[in-house]
$ cat target-v1.txt   # compact mmCIF, C-alpha atoms
# COMPACT_ATOMS: atom_id res chain seq x y z
CA MET A 1 125.00 110.26 114.44
CA HIS A 2 123.61 113.28 112.75
CA THR A 3 121.39 115.58 114.72
CA ASP A 4 118.49 115.07 112.38
CA ASP A 5 118.67 111.35 112.86
CA MET A 6 118.14 111.80 116.54
CA THR A 7 115.46 114.42 116.36
CA SER A 8 113.51 112.92 113.47
CA GLY A 9 113.13 109.66 115.32
CA ALA A 10 112.11 111.53 118.40
CA LYS A 11 109.65 113.72 116.55
CA GLN A 12 108.18 110.72 114.81
CA ALA A 13 107.75 108.98 118.11
CA GLY A 14 106.04 111.97 119.57
CA ALA A 15 103.83 112.52 116.59
CA THR A 16 102.57 108.99 116.32
CA GLY A 17 101.38 108.87 119.86
CA HIS A 18 101.44 105.65 121.74
CA ALA A 19 104.05 103.05 121.17
CA ASP A 20 103.42 100.38 118.64
CA THR A 21 101.50 97.50 120.06
CA GLY A 22 101.90 95.18 117.11
CA ARG A 23 102.74 91.62 117.91
CA THR A 24 106.28 90.71 117.04
CA LYS A 25 107.76 87.37 117.91
CA VAL A 26 111.20 87.84 119.30
CA GLY A 27 113.50 85.87 121.48
CA ARG A 28 112.85 86.47 125.15
CA PRO A 29 116.51 86.88 126.11
CA ALA A 30 117.09 89.40 123.34
CA GLN A 31 114.09 91.39 124.42
CA GLN A 32 115.19 91.36 128.04
CA ALA A 33 118.66 92.54 127.09
CA LEU A 34 117.17 95.37 125.09
CA GLN A 35 114.93 96.36 127.97
CA GLN A 36 117.81 96.35 130.39
CA GLU A 37 119.87 98.50 128.09
CA PHE A 38 116.99 100.91 127.70
CA LEU A 39 116.35 101.12 131.42
CA ASP A 40 120.06 101.48 132.17
CA LEU A 41 120.10 104.53 129.94
CA LEU A 42 116.79 105.83 131.21
CA MET A 43 117.29 105.68 134.95
CA PRO A 44 120.01 108.34 135.27
CA VAL A 45 117.83 110.82 133.41
CA TYR A 46 114.55 109.70 134.94
CA PRO A 47 114.46 112.11 137.94
CA ARG A 48 115.15 115.04 135.64
CA ALA A 49 112.55 113.89 133.16
CA LEU A 50 109.94 113.41 135.86
CA ALA A 51 110.66 116.80 137.39
CA TYR A 52 110.51 118.37 133.96
CA SER A 53 107.19 116.72 133.20
CA GLN A 54 105.68 117.68 136.51
CA THR A 55 106.91 121.22 136.14
CA ILE A 56 105.51 121.81 132.67
CA THR A 57 102.22 120.07 133.39
CA GLY A 58 101.92 121.68 136.80
CA SER A 59 100.69 118.41 138.19
CA LEU A 60 102.42 115.50 139.89
CA MET A 61 100.04 112.96 138.37
CA ASP A 62 100.06 114.44 134.89
CA GLY A 63 103.82 114.57 135.05
CA GLU A 64 104.04 110.87 135.90
CA ASP A 65 101.59 110.02 133.14
CA LEU A 66 103.60 112.05 130.67
CA VAL A 67 106.84 110.34 131.60
CA SER A 68 105.27 106.88 131.44
CA ASP A 69 103.82 107.68 128.06
CA THR A 70 107.18 108.95 126.88
CA VAL A 71 109.00 105.87 128.18
CA LEU A 72 106.72 103.53 126.26
CA SER A 73 106.93 105.66 123.15
CA ALA A 74 110.71 105.89 123.38
CA TYR A 75 111.09 102.16 123.97
CA SER A 76 109.08 101.35 120.89
CA ARG A 77 111.49 103.51 118.89
CA PHE A 78 114.62 102.53 120.72
CA ASP A 79 116.09 100.92 117.64
CA SER A 80 115.95 104.23 115.81
CA LEU A 81 118.44 105.71 118.27
CA ARG A 82 121.76 105.13 116.62
CA SER A 83 123.99 106.79 119.17
CA ARG A 84 123.34 105.69 122.73
CA ASP A 85 125.45 108.63 123.93
CA ARG A 86 122.65 110.94 123.00
CA PHE A 87 119.94 109.05 124.79
CA ASN A 88 119.15 111.98 127.11
CA GLU A 89 118.62 114.44 124.30
CA TRP A 90 116.63 111.91 122.32
CA PHE A 91 114.43 111.07 125.28
CA PHE A 92 113.75 114.71 126.10
CA ALA A 93 112.92 115.45 122.49
CA ILE A 94 110.28 112.73 122.63
CA LEU A 95 109.08 114.04 125.97
CA LEU A 96 108.64 117.53 124.59
CA ASN A 97 106.76 116.25 121.58
CA ARG A 98 104.53 114.08 123.71
CA PHE A 99 103.69 117.07 125.87
CA ARG A 100 102.89 119.18 122.84
CA ASN A 101 100.62 116.46 121.46
CA LEU A 102 98.87 115.90 124.75
CA ARG A 103 98.37 119.59 125.26
CA ASN A 104 97.03 119.99 121.74
CA ARG A 105 94.55 117.20 122.30
CA ASP A 106 93.66 118.52 125.76
CA LYS A 107 94.40 115.16 127.23
CA LEU A 108 95.93 116.64 130.32
CA ARG A 109 93.65 117.11 133.24
CA PRO A 110 92.03 120.49 132.83
CA PHE A 111 93.42 123.08 135.12
CA LYS A 112 91.25 125.93 136.13
CA LEU A 113 92.46 129.09 137.67
CA VAL A 114 90.70 130.18 140.81
CA ALA A 115 90.80 133.75 139.61
CA GLU A 116 91.39 135.56 136.39
CA LEU A 117 94.75 137.19 136.29
CA GLY A 118 94.59 140.83 135.41
CA ARG A 119 98.19 141.84 135.77
CA SER A 120 101.21 139.68 135.98
CA PHE A 121 102.00 140.34 139.62
CA ASN A 122 98.54 139.16 140.55
CA ILE A 123 99.69 135.62 139.90
CA PHE A 124 100.93 135.42 143.43
CA GLU A 125 97.61 136.47 144.92
CA ALA A 126 95.57 134.28 142.59
CA THR A 127 97.52 131.13 143.17
CA ALA A 128 97.80 131.78 146.89
CA ARG A 129 94.17 130.73 147.12
CA VAL A 130 95.06 127.23 145.96
CA SER A 131 96.99 126.57 149.11
CA GLY A 132 97.31 128.37 152.37
CA ASP A 133 100.99 127.61 152.66
CA PRO A 134 103.17 129.44 150.15
CA ALA A 135 106.09 127.19 151.04
CA GLU A 136 104.22 124.05 150.07
CA LEU A 137 105.45 122.30 146.93
CA GLY A 138 102.00 121.93 145.43
CA TYR A 139 101.40 125.63 145.77
CA GLN A 140 104.74 126.50 144.27
CA LEU A 141 104.19 124.07 141.44
CA THR A 142 100.93 125.79 140.60
CA LEU A 143 102.69 129.10 140.57
CA VAL A 144 105.48 127.75 138.37
CA LYS A 145 102.96 126.39 135.93
CA GLU A 146 101.31 129.77 135.76
CA LEU A 147 104.61 131.46 135.11
CA LEU A 148 105.64 128.99 132.44
CA SER A 149 102.28 129.08 130.72
CA ARG A 150 102.85 132.75 130.06
CA LEU A 151 105.98 131.99 128.07
CA LYS A 152 105.99 130.86 124.50
CA PRO A 153 106.39 127.08 124.24
CA ARG A 154 109.94 127.26 122.95
CA GLU A 155 110.94 129.82 125.53
CA ARG A 156 109.51 127.64 128.26
CA ASP A 157 111.32 124.58 126.99
CA VAL A 158 114.62 126.39 126.62
CA ILE A 159 114.59 128.02 130.05
CA LEU A 160 113.82 124.67 131.67
CA LEU A 161 116.26 122.65 129.65
CA LEU A 162 119.12 125.10 130.02
CA GLY A 163 118.41 125.87 133.65
CA PRO A 164 117.26 123.17 136.04
CA ALA A 165 117.42 120.31 133.55
CA GLY A 166 121.09 121.02 133.07
CA PHE A 167 121.45 120.65 129.33
CA THR A 168 124.05 122.61 127.44
CA PRO A 169 123.06 125.03 124.68
CA ALA A 170 124.39 122.56 122.11
CA GLU A 171 122.26 119.77 123.51
CA VAL A 172 119.18 121.97 123.67
CA SER A 173 119.74 123.05 120.10
CA ARG A 174 119.71 119.40 119.05
CA ILE A 175 116.59 118.68 121.09
CA GLN A 176 114.77 121.66 119.69
CA GLY A 177 116.18 121.38 116.20
CA VAL A 178 117.30 125.01 116.16
CA SER A 179 120.68 126.72 116.25
CA GLU A 180 122.57 127.37 119.47
CA ARG A 181 122.28 131.06 118.84
CA ALA A 182 118.51 130.77 118.66
CA VAL A 183 118.52 128.79 121.89
CA ILE A 184 120.39 131.53 123.71
CA GLN A 185 118.12 134.20 122.30
CA LEU A 186 115.07 132.29 123.42
CA ALA A 187 116.56 131.88 126.87
CA TYR A 188 117.24 135.61 127.26
CA ARG A 189 113.77 136.43 126.04
CA ALA A 190 112.25 134.00 128.50
CA ARG A 191 114.37 135.42 131.27
CA ARG A 192 113.19 138.96 130.55
CA ARG A 193 109.56 137.88 130.53
CA LEU A 194 109.89 135.98 133.77
CA LYS A 195 111.49 138.91 135.48
CA LYS A 196 108.57 141.13 134.51
CA MET A 197 106.08 138.57 135.71
CA LEU A 198 107.47 138.22 139.17
CA PRO A 199 109.06 141.39 140.49
CA GLU A 200 111.70 141.16 143.17
CA GLY A 201 110.20 140.73 146.60
CA ALA A 202 106.91 139.29 145.35
CA LEU A 203 107.73 135.98 146.99
CA PRO A 204 109.26 136.65 150.39
CA PHE A 205 110.00 132.99 151.02
CA LEU A 206 112.33 132.99 148.05
CA SER A 207 115.66 134.65 148.23
CA VAL A 208 118.00 134.68 145.33
CA PRO A 209 121.57 134.64 146.59
CA ALA A 210 123.66 137.36 145.08
CA ASP A 211 126.23 134.89 143.77
CA GLU A 212 123.52 132.96 141.91
CA VAL A 213 122.13 135.91 140.10
CA SER A 214 123.86 136.36 136.84
CA GLY A 215 124.64 139.63 135.25
CA HIS A 216 122.41 138.78 132.28
CA ASP A 217 118.76 139.67 132.25
CA MET B 1 126.59 134.40 121.93
CA THR B 2 126.62 130.70 122.79
CA GLU B 3 127.53 131.39 126.42
CA PHE B 4 124.68 131.44 128.87
CA ASN B 5 124.76 131.72 132.62
CA THR B 6 122.32 129.06 133.74
CA ASN B 7 122.06 130.29 137.32
CA PRO B 8 118.67 131.79 138.22
CA ALA B 9 118.66 135.48 137.39
CA ASN B 10 115.43 136.49 139.08
CA GLN B 11 112.87 135.32 141.55
CA ALA B 12 110.76 133.54 138.99
CA GLU B 13 113.70 131.51 137.76
CA LYS B 14 114.74 130.81 141.30
CA LEU B 15 111.26 129.53 142.07
CA ILE B 16 111.23 127.35 138.97
CA SER B 17 114.65 126.00 139.77
CA ASP B 18 113.74 125.25 143.38
CA VAL B 19 110.52 123.51 142.48
CA PHE B 20 112.28 121.53 139.75
CA GLY B 21 115.01 120.52 142.19
CA ALA B 22 112.49 119.44 144.80
CA LEU B 23 110.58 117.35 142.31
CA GLU B 24 113.77 115.82 140.98
CA HIS B 25 114.81 114.98 144.53
CA GLU B 26 111.53 113.24 145.22
CA ALA B 27 111.79 110.99 142.17
CA ASP B 28 112.77 107.45 143.03
CA PRO B 29 114.54 105.73 140.13
CA THR B 30 114.59 102.36 141.87
CA ILE B 31 110.84 102.12 142.15
CA ALA B 32 110.44 103.63 138.72
CA ARG B 33 112.73 101.01 137.25
CA LEU B 34 110.71 98.18 138.73
CA ARG B 35 107.52 99.72 137.43
CA PHE B 36 108.91 100.20 133.94
CA GLU B 37 110.41 96.71 133.89
CA ASN B 38 106.94 95.33 134.44
CA LYS B 39 105.43 97.62 131.85
CA LEU B 40 108.05 96.99 129.20
CA ALA B 41 107.94 93.23 129.75
CA LEU B 42 104.44 93.30 128.32
CA ARG B 43 105.54 95.29 125.29
CA PRO B 44 106.80 93.69 122.10
CA LYS B 45 110.37 94.28 121.09
CA PRO B 46 110.70 97.56 119.24
CA ARG B 47 110.62 97.03 115.53
CA ARG B 48 113.34 98.44 113.40
CA ARG B 49 111.69 101.13 111.38
CA MET B 50 112.62 101.85 107.83
CA ASN B 51 114.12 105.19 107.01
CA THR B 52 111.73 107.45 105.10
CA THR B 53 114.18 107.84 102.21
CA ILE B 54 114.50 104.09 101.90
CA LYS B 55 110.72 103.78 102.01
CA VAL B 56 110.34 106.25 99.15
CA LEU B 57 113.06 104.55 97.11
CA ALA B 58 111.53 101.14 97.70
CA PHE B 59 108.13 102.44 96.63
CA LEU B 60 109.53 103.98 93.44
CA THR B 61 111.49 100.84 92.62
CA GLY B 62 108.37 98.75 93.14
CA LEU B 63 106.43 101.09 90.92
CA LEU B 64 109.04 100.83 88.15
CA LEU B 65 109.12 97.05 88.37
CA LEU B 66 105.36 96.90 88.25
CA ALA B 67 105.24 99.24 85.28
CA SER B 68 107.83 97.25 83.35
CA TRP B 69 105.99 94.01 84.06
CA ALA B 70 102.54 95.34 83.35
CA GLY B 71 103.62 97.14 80.19
CA SER B 72 104.40 93.91 78.39
CA ARG B 73 101.45 92.03 79.76
CA ASN B 74 98.56 91.08 77.48
CA PHE B 75 95.23 90.84 79.11
CA SER B 76 93.03 88.17 77.72
CA PRO B 77 89.66 89.40 76.50
CA TRP B 78 86.41 88.28 77.93
CA ASP B 79 85.48 84.98 76.43
CA ASP B 80 81.80 85.75 76.53
CA GLY B 81 81.94 89.47 75.74
CA GLN B 82 81.48 90.55 72.12
CA LEU B 83 81.51 93.99 70.59
CA ILE B 84 79.69 94.19 67.28
CA THR B 85 80.21 97.27 65.12
CA PHE B 86 78.34 98.17 61.96
CA ARG B 87 77.32 101.33 60.15
CA ALA B 88 74.08 103.02 61.00
CA PRO B 89 71.83 104.12 58.11
CA VAL B 90 72.98 107.21 56.28
CA ASP B 91 70.13 109.28 57.63
CA PHE B 92 70.61 108.18 61.23
CA VAL B 93 70.49 110.99 63.80
CA PRO B 94 70.89 110.59 67.58
CA SER B 95 67.25 111.49 68.16
CA GLU B 96 66.34 108.20 66.52
CA TYR B 97 68.25 106.29 69.11
CA PRO B 98 65.16 105.05 71.03
CA HIS B 99 63.70 103.70 67.79
CA TRP B 100 66.85 101.70 67.17
CA MET B 101 66.91 100.55 70.74
CA ALA B 102 63.48 99.10 70.14
CA ILE B 103 64.62 97.35 66.97
CA PHE B 104 67.56 95.73 68.76
CA ALA B 105 65.33 94.88 71.69
CA ASN B 106 62.96 93.07 69.37
CA HIS B 107 65.83 90.86 68.24
CA SER B 108 67.32 90.33 71.67
CA ALA B 109 65.08 87.42 72.55
CA GLU B 110 67.15 85.27 70.18
CA LEU B 111 70.25 86.20 72.15
CA SER B 112 68.83 84.84 75.36
CA ASP B 113 68.17 81.55 73.60
CA VAL B 114 71.91 81.10 73.16
CA GLY B 115 72.89 82.31 76.64
CA GLY B 116 73.21 86.05 76.18
CA HIS B 117 72.12 88.12 79.10
CA SER B 118 73.12 91.74 78.43
CA LEU B 119 72.94 93.90 75.36
CA VAL B 120 74.49 97.33 75.45
CA VAL B 121 73.43 99.60 72.64
CA ASP B 122 75.76 102.45 71.82
CA TYR B 123 76.61 104.53 68.82
CA SER B 124 79.45 106.78 67.82
CA GLN B 125 80.29 109.05 64.94
CA GLY B 126 83.17 108.10 62.68
CA ARG B 127 85.66 110.46 61.05
CA ASP B 128 83.65 110.33 57.84
CA GLY B 129 80.63 111.74 59.66
CA ARG B 130 78.70 108.48 59.52
CA TYR B 131 77.30 106.97 62.67
CA TYR B 132 78.19 103.46 63.80
CA PHE B 133 76.28 101.19 66.10
CA GLN B 134 78.23 99.34 68.70
CA LEU B 135 76.46 96.50 70.39
CA GLY B 136 78.10 95.00 73.47
CA ILE B 137 76.84 91.55 74.30
CA ILE B 138 77.67 89.40 77.27
CA GLY B 139 77.11 85.69 77.47
CA ILE B 140 77.69 84.52 73.91
CA ASN B 141 80.75 83.54 71.90
CA TYR B 142 81.97 84.87 68.56
CA THR B 143 80.05 82.41 66.38
CA GLU B 144 76.77 83.04 68.13
CA ALA B 145 77.29 86.79 67.98
CA SER B 146 78.17 86.65 64.32
CA SER B 147 75.17 84.59 63.28
CA TRP B 148 72.83 86.69 65.40
CA VAL B 149 73.94 90.00 63.96
CA ARG B 150 73.94 88.63 60.43
CA LYS B 151 70.35 87.51 60.81
CA MET B 152 69.35 90.82 62.35
CA LEU B 153 70.95 92.82 59.55
CA ASN B 154 69.04 90.77 57.04
CA ASP B 155 65.78 91.26 58.89
CA VAL B 156 66.05 95.03 59.26
CA PRO B 157 65.59 96.69 55.86
CA GLU B 158 67.51 99.85 56.79
CA LEU B 159 70.55 97.77 57.66
CA ASN B 160 70.55 95.39 54.75
CA ASP B 161 73.91 94.58 53.23
CA GLU B 162 75.85 96.37 55.96
CA SER B 163 79.08 94.71 56.91
CA PHE B 164 79.96 94.23 60.56
CA THR B 165 82.92 93.43 62.77
CA VAL B 166 82.93 91.36 65.90
CA THR B 167 85.67 91.88 68.42
CA GLN B 168 86.23 90.79 71.97
CA PRO B 169 86.86 94.00 73.81
CA LEU B 170 88.78 94.24 77.03
CA LEU B 171 85.78 96.06 78.38
CA PRO B 172 82.64 95.29 76.43
CA TYR B 173 81.11 98.69 77.00
CA ARG B 174 82.13 101.93 75.43
CA VAL B 175 79.92 103.90 77.77
CA SER B 176 80.16 103.93 81.50
CA VAL B 177 77.44 102.71 83.77
CA ASN B 178 76.80 106.33 84.67
CA GLU B 179 75.63 106.98 81.13
CA MET B 180 73.33 104.04 80.94
CA ILE B 181 70.01 102.88 82.10
CA ALA B 182 68.88 99.35 81.89
CA PHE B 183 65.70 98.19 80.39
CA ASN B 184 64.41 94.84 81.37
CA LEU B 185 62.67 93.30 78.43
CA PHE B 186 60.27 91.58 80.75
CA GLY B 187 58.63 94.85 81.61
CA ASP B 188 60.55 96.68 84.31
CA THR B 189 62.31 99.91 83.53
CA TYR B 190 65.46 100.72 85.46
CA SER B 191 66.63 104.26 85.53
CA GLU B 192 69.20 104.17 88.27
CA GLU B 193 72.78 103.17 88.09
CA GLN B 194 72.46 100.86 91.07
CA LYS B 195 69.65 99.03 89.42
CA VAL B 196 71.77 98.46 86.33
CA MET B 197 74.31 96.73 88.46
CA GLN B 198 71.62 94.72 90.17
CA ALA B 199 70.25 93.72 86.83
CA TRP B 200 73.60 92.51 85.59
CA ARG B 201 74.17 90.55 88.75
CA ALA B 202 70.76 88.99 88.45
CA ALA B 203 71.47 88.16 84.85
CA GLY B 204 74.55 86.25 85.91
CA GLU B 205 72.32 83.95 87.87
CA GLN B 206 69.60 83.79 85.25
CA PRO B 207 71.41 83.96 81.92
CA ARG B 208 68.26 83.49 79.89
CA VAL B 209 67.03 86.94 80.85
CA ILE B 210 68.21 89.70 78.54
CA PHE B 211 68.87 93.16 79.82
CA LEU B 212 69.05 95.91 77.28
CA VAL B 213 71.33 98.71 78.34
CA ALA B 214 71.01 102.09 76.71
CA LYS B 215 72.69 105.47 76.83
CA THR B 216 70.89 107.62 79.33
CA LYS B 217 71.26 110.94 77.57
CA ASP B 218 69.54 109.69 74.44
CA TYR B 219 67.13 107.33 76.01
CA GLN B 220 65.91 108.84 79.24
CA GLY B 221 62.62 110.63 78.86
CA LYS B 222 61.91 108.97 75.55
CA VAL B 223 60.89 105.58 76.75
CA SER B 224 57.36 106.14 75.58
CA GLU B 225 58.62 106.34 72.01
CA LEU B 226 59.76 102.75 72.14
CA ILE B 227 57.85 100.62 69.72
CA TYR B 228 58.09 96.87 69.79
$ encode --input "target-v1.txt" --output "structure tokens"
Amino acid sequence: MHTDDMTSGAKQAGATGHADTGRTKVGRPAQQALQQEFLDLLMPVYPRALAYSQTITGSLMDGEDLVSDTVLSAYSRFDSLRSRDRFNEWFFAILLNRFRNLRNRDKLRPFKLVAELGRSFNIFEATARVSGDPAELGYQLTLVKELLSRLKPRERDVILLLGPAGFTPAEVSRIQGVSERAVIQLAYRARRRLKKMLPEGALPFLSVPADEVSGHD
Amino acid sequence: MTEFNTNPANQAEKLISDVFGALEHEADPTIARLRFENKLALRPKPRRRMNTTIKVLAFLTGLLLLASWAGSRNFSPWDDGQLITFRAPVDFVPSEYPHWMAIFANHSAELSDVGGHSLVVDYSQGRDGRYYFQLGIIGINYTEASSWVRKMLNDVPELNDESFTVTQPLLPYRVSVNEMIAFNLFGDTYSEEQKVMQAWRAAGEQPRVIFLVAKTKDYQGKVSELIY
């Protein structure tokens, strides 16, 4: 399958919003088989997709809503996916588009900062007021959302997809519809910005093992 | 340039990675699967969507087929629509249009006797510089139109001995509704486009009522000059 085939279907799905609800008479067994195939492909990537959604939305509930919305949208377009091998990329492309659309329409629950952030390192102090426990996941999620919101959308997507989501540069390039070289450039740019935002030692509960820290910055 | 070390390179990345990992760990695919099975069971089977290129090609092909079919198609004229054309007097000028409207209006009662219900009065200038009247009539056939116009030409001295043609136009009006106002011979004056349409509709139900339809630009503001 050509890259465009995958991404165009995904973009279309994202752009048109909710899945088609038109009534189509089909055989029940055929529909069940299709659903099973879809879910079989979806489940291995589901934890990653949910974590991704919750990370970029900064909310557990919004993340679940986003994934559910994406699942329904993807299922309605499942026939447009010609190569099942690229289900993960295809699904994430739809997820990213859905997030963009939701964000554009302000459908996500509004998030209000407890304090205006003057300088980047004030993020820690500002978000600390959300929760008293800096080790709590909710608190950290808020902080992550703040960090990611200060990146450009593509930089944010690339750093998440390449890093914790575990996609390769080639896969990310297909999801984003850009070249691998552009993906790497975006990742380095995002990395530089993130480093400036959160200086070393700002979060004492986090320690980056020396062997994990790459030589790139 | 395509190599990228995906390990966290700073505290921010480490935080993002840790949070992502924790969230991923908390996700339960088993429960999610059950939930989605229920949700998807209520959804119709995904429809196979047509490729955009195929859609465009299908549209163009349809357009070509339609054009080839429509190009050779003859539309039948209106059975009850007649367009009568004859020369206006040599000294006719557009400013005399209301006067001629009145003359045609005076003869329109005979049209209603044979089922006519709309008379559109128009004129145009030919290549020779002479003006031509074009009367669009709805509700009568060729014979009735022919005998009516012949009688009228005999009765109006300025038009004596003029020849005329009667055709059945595809559209009986040379002027659009925008350019017209309707004048109800029974006394009401209509000066709005909507009222023209209303008048025509009403005429369809009461064919013995004649509506005289005139060109707005020549007629509007000169109604008082009408002489019956």
$ interface_residues --input "target-v1.txt" --of "chain B" --to "chain A" --cutoff "9 Å" --atoms "all atoms listed in the file" --output "mmCIF file with C-alpha atoms, in the frame of the given file"
data_model
loop_
_atom_site.group_PDB
_atom_site.id
_atom_site.type_symbol
_atom_site.label_atom_id
_atom_site.label_comp_id
_atom_site.auth_asym_id
_atom_site.auth_seq_id
_atom_site.Cartn_x
_atom_site.Cartn_y
_atom_site.Cartn_z
ATOM 1 C CA MET B 1 126.590 134.400 121.930
ATOM 2 C CA THR B 2 126.620 130.700 122.790
ATOM 3 C CA GLU B 3 127.530 131.390 126.420
ATOM 4 C CA PHE B 4 124.680 131.440 128.870
ATOM 5 C CA ASN B 5 124.760 131.720 132.620
ATOM 6 C CA THR B 6 122.320 129.060 133.740
ATOM 7 C CA ASN B 7 122.060 130.290 137.320
ATOM 8 C CA PRO B 8 118.670 131.790 138.220
ATOM 9 C CA ALA B 9 118.660 135.480 137.390
ATOM 10 C CA ASN B 10 115.430 136.490 139.080
ATOM 11 C CA GLN B 11 112.870 135.320 141.550
ATOM 12 C CA ALA B 12 110.760 133.540 138.990
ATOM 13 C CA GLU B 13 113.700 131.510 137.760
ATOM 14 C CA LYS B 14 114.740 130.810 141.300
ATOM 15 C CA LEU B 15 111.260 129.530 142.070
ATOM 16 C CA ILE B 16 111.230 127.350 138.970
ATOM 17 C CA SER B 17 114.650 126.000 139.770
ATOM 18 C CA ASP B 18 113.740 125.250 143.380
ATOM 19 C CA VAL B 19 110.520 123.510 142.480
ATOM 20 C CA PHE B 20 112.280 121.530 139.750
ATOM 21 C CA GLY B 21 115.010 120.520 142.190
ATOM 22 C CA ALA B 22 112.490 119.440 144.800
ATOM 23 C CA LEU B 23 110.580 117.350 142.310
ATOM 24 C CA GLU B 24 113.770 115.820 140.980
ATOM 25 C CA HIS B 25 114.810 114.980 144.530
ATOM 26 C CA GLU B 26 111.530 113.240 145.220
ATOM 27 C CA ALA B 27 111.790 110.990 142.170
ATOM 28 C CA ASP B 28 112.770 107.450 143.030
ATOM 29 C CA PRO B 29 114.540 105.730 140.130
ATOM 30 C CA THR B 30 114.590 102.360 141.870
ATOM 31 C CA ALA B 32 110.440 103.630 138.720
ATOM 32 C CA ARG B 33 112.730 101.010 137.250
ATOM 33 C CA PHE B 36 108.910 100.200 133.940
ATOM 34 C CA GLU B 37 110.410 96.710 133.890
ATOM 35 C CA LYS B 39 105.430 97.620 131.850
ATOM 36 C CA LEU B 40 108.050 96.990 129.200
ATOM 37 C CA ALA B 41 107.940 93.230 129.750
ATOM 38 C CA ARG B 43 105.540 95.290 125.290
ATOM 39 C CA PRO B 44 106.800 93.690 122.100
ATOM 40 C CA LYS B 45 110.370 94.280 121.090
ATOM 41 C CA PRO B 46 110.700 97.560 119.240
ATOM 42 C CA ARG B 47 110.620 97.030 115.530
ATOM 43 C CA ARG B 48 113.340 98.440 113.400
ATOM 44 C CA ARG B 49 111.690 101.130 111.380
ATOM 45 C CA MET B 50 112.620 101.850 107.830
#
$ closest_residue --input "target-v1.txt" --among "B:Pro89, B:Gly62, B:Pro94, B:Gly116" --to "B:Asn141" --atoms "all atoms listed in the file"
B:Gly116
$ atom_distance --input "target-v1.txt" --atom1 "atom CA of B:Leu83" --atom2 "atom CA of B:Thr165"
8.0 Å
$ residues_around --input "target-v1.txt" --residues "stretch 129-132 of chain B" --least-positions-apart "6" --cutoff "6 Å" --atoms "only C-alpha atoms" --output "list in words"
Phe86, Arg87, Ala88 and Tyr123 of chain B
$ residues_around --input "target-v1.txt" --residues "B:Arg150" --least-positions-apart "4" --cutoff "10 Å" --atoms "only C-alpha atoms" --output "ChimeraX atom specification"
/B:144-146,154-155,160-164
$ atom_distance --input "target-v1.txt" --atom1 "atom CA of B:His107" --atom2 "atom CA of B:Asp91"
21.7 Å
$ atom_distance --input "target-v1.txt" --atom1 "atom CA of A:Phe92" --atom2 "atom CA of A:Glu155"
15.4 Å
